[in-house]
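Q: Just dropping this structure here.
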Amino acid sequence: MKTDLEESYGGKVEWNIPELPGNATALSAYLKLQEEELSGDVIVLSFSDYDNPYTFPYYYELLIRECLKRFPEGKILCLIGDQAFVQEKHTQDNAFVVKNIAEHYGVDVLNLASILAKKQTEPVAFLNNKEEYSSFVKSIYKIAFREAIEKTEDGENTGSTTISLPAPLNSILEQEAFD
């Protein structure tokens, strides 16, 4: 992916991936933002697989709002992972949260589950076939990521370093401590 982007853009692509636990949640990402100075032109948020469905909407919205404040000139891309097919993990419910919150804030979404569903007749079984899945990720997902990044670049950027956020969906976030 990195090499593909470097070839497409004719320059060096630097990955700045904050060190998060293997079962990273939106809350762990928000807390990481509080303790580290991070930067980037494109910020990819890939959460929901390990998040509790009852607290995820709150923490994901908190994370989106913080990213919009911290990276006003950056492009934010929210991912819906292909694990949204796995019933026992709440990822389907959380995928709807990602979509709804991203839409509320005008943030682009790359829905990997949808891409997988369009290309595979048995997506859940396909996820368990490591060899075929790995090949799929290297070809189809690579193209999807590049297109999603290019789409975010086509969006309007005022060049402003301040941003006016819409009212939060979760009324708790309206409290002064989070502004």
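Chains: A, B, ... in order of the structure tokens. Residues: from 1 per chain. Ligands: from 1, in order shown.
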If we count only C-alpha atoms, what is near stretch 27-43 of chain A at a cut-off of 6 Å, once residues fewer than 3 positions away on the same chain are taken out, given as a PyMOL selection string?
A: chain A and resi 59+63+74-76
Q: Skipping near chain neighbours, those fewer than 6 positions away, what residues fall within 10 Å of stretch 137-140 of chain A using only C-alpha atoms, listed as a list in words?
A: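 Returned residues: Met1, Leu112, Ile115, Leu116 and Lys119 of chain A.
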Q: As a PyMOL selection string, please: every residue in stretch 40-111 of chain A that a backbone DSSP assignment puts in helix (DSSP H, G or I).
A: chain A and resi 56-70+82-85+87-89+91-105
Q: Please provide as a list in words all residues within 12 Å of A:Asn52, with the sequence filter that same-chain residues fewer than 2 positions apart are discarded (counting only C-alpha atoms).
A: Asn23, Ala24, Thr25, Ala26, Leu27, Phe47, Ser48, Asp49, Tyr50, Tyr54, Thr55, Phe56, Pro57, Tyr58, Tyr59, Tyr60, Glu88, Lys89, His90, Thr91, Gln92, Asp93, Asn94 and Val97 of chain A
